[in-house]
Amino acid sequence: MSITRFLPGLVALGLGGVLARAIELTLGPNHLLVAIALGFVLANAVGVPDRLEPGIGTHKLWLGAGIVLMGASLTLETVLEVGGTVLLVVVGVTAMTVLVVELLARNVFGLAERLGSLLAAGSGICGVSAVVAVAGAIRAREDQIAYAAATVLLFDAITIVVYPLVGDLLGLSDVVFGVWAGVSMFSTGPVVAVGFAHSEVAGQWATMAKLSRNALIGAVVIAYASYYARSDSAGRPSLRTLWDEFPKFVLGFLALVALASAGVFSPAQQASLENAYNWLFVLAFVGLGTEIQLAELRSTGLTPALVVLLALFVASTVSLVVLAALF
Amino acid sequence: MSFDRLRRRAAAVRSRWTGLERDWQSVAVGAATVATVAVFELQIPW
């Protein structure tokens with residue numbers, strides 16, 4: 001594996017990031033949303049050239065690194081201020097989403113059990129990563145994985161547009177908007193993008209709420225593996241699974257929160273790290289945009305999409321009402 | 001340091017890097033950025 005294989009795609013991400021920032025500075029629209037739009041246009045208008053694919057495929061690495069660095073601009077004091085309440089909301093909304101999707105899929109729309117479970121994990125926890133993690137534990141079929149992943153991606157694309165509009169329309173505060181996006185949207189990238197597009201504070205809360213939700217993936221994989229193992233030998237749930245599925249970059253994020261809380265960074269260093277994560281996010285979102293492919297979204301089944309739409313509507317409305325009442 | 005030793009060291013770093021899970025790679029990039037900013041007082045513009 002040679003670094004030159006990644007270079008063209010990395011340069012493309014860099015150029016896209018600089019262009020997104022330049023468009024924000026000259027015309028005003030948020031750089032993260034512009035970055036996603038640029039990636040989307042590249043992928044759907046001309047297609048991503050083969051030689052750019054390896055470099056562009058690194059975008060999740062930059063998103064994770066950006067989240068780690070975001071820890072340097074937060075302190076434990078800020079997190080603890082409303083963190084306990086947010087954690088309860090995260091667990092409550094996650095459980096509700098999983099249950100609503102399972103109920104609708106099995107009892108109302110008669111979808112296959114495993115497909116329902118994949119949709120529930122994707123909607124409730126962390127999008128396509130959760131679909132893939134749970135699919136491995138319950139031995140789902142390839143077509144079920146593809147359907148569930150396409151459905152999640154469809155709603156990622158929809159919520160990237162709808163959430164900022166609703167947030168502005170309702171005049172939501174930074175904390176309410178951030179946590180609302182963090183607990184009810186699906187994949188980490190879109191959550192971070194709409195959060196920071198609303199404001200810096202909203203972005204930080206969106207990311208923290210989403211990270212807490214992502215950390216539940218291990219427990220959900222174990223629960224599903226145990227459930228399906230009762231009827232067949234589909235999985236071997238163990239505590240090891242908890243660690244395997246845990247998003248490790250959360251540990252880096254927490255380490256930097258601890259260092260920032262201890263006053264290790266000077267204001268100038270904190271400003272530099274904040275700028276660094278802004279650049280990493282903008283690179284990541286150009287790549288994220290290339291993953292929203294219209295041809296794939298069209299392959300989403302109507303019934304799975306309807307199940308997820310209803311569950312998203314319930315989770316989104318309930319969480320917004322609860323958060324507006326709490327904050 | 002001879003060219004061969006440099007090349008071996010680069011290969012070892014590359015092999016260790018590709019052996020890392022993506023999440024840990026993200027942590028490594030974050031740590032490297034923090035170290036660079038802290039040691040060289042690097043000002044990253046926005």
# chains A, B, ... in the order shown; residues from 1 in each chain; ligands from 1

$ closest_atom_pairs --of "chain A" --to "chain B" --cutoff "7 Å" --atoms "only C-alpha atoms" --output "CSV"
residue,atom,partner,partner_atom,distance
A:Leu61,CA,B:Ser26,CA,5.3
A:Trp62,CA,B:Ser26,CA,6.7
A:Gly64,CA,B:Ser26,CA,5.1
A:Ala65,CA,B:Ser26,CA,4.3
A:Val68,CA,B:Gly30,CA,5.9
A:Leu69,CA,B:Gly30,CA,5.7
A:Pro247,CA,B:Asp23,CA,6.5
A:Lys248,CA,B:Asp23,CA,5.3
A:Phe249,CA,B:Asp23,CA,5.1
A:Gly252,CA,B:Val27,CA,5.4
A:Gln269,CA,B:Val37,CA,6.4
A:Ser272,CA,B:Ile44,CA,4.8
A:Asn275,CA,B:Trp46,CA,5.6
A:Ala276,CA,B:Ile44,CA,6.4

$ closest_atom_pairs --of "region 192-223 of chain A" --to "region 140-156 of chain A" --cutoff "12 Å" --atoms "only C-alpha atoms" --output "CSV"
residue,atom,partner,partner_atom,distance
A:Val192,CA,A:Asp156,CA,11.7
A:Ala193,CA,A:Asp156,CA,11.0
A:Val194,CA,A:Asp156,CA,10.8

$ select_by_dssp --residues "region 97-317 of chain A" --states "helix (DSSP H, G or I)" --output "PyMOL selection string"
chain A and resi 97-108+113-138+142-170+174-184+188-198+200-214+217-231+239-245+249-261+267-291+294-297+302-317
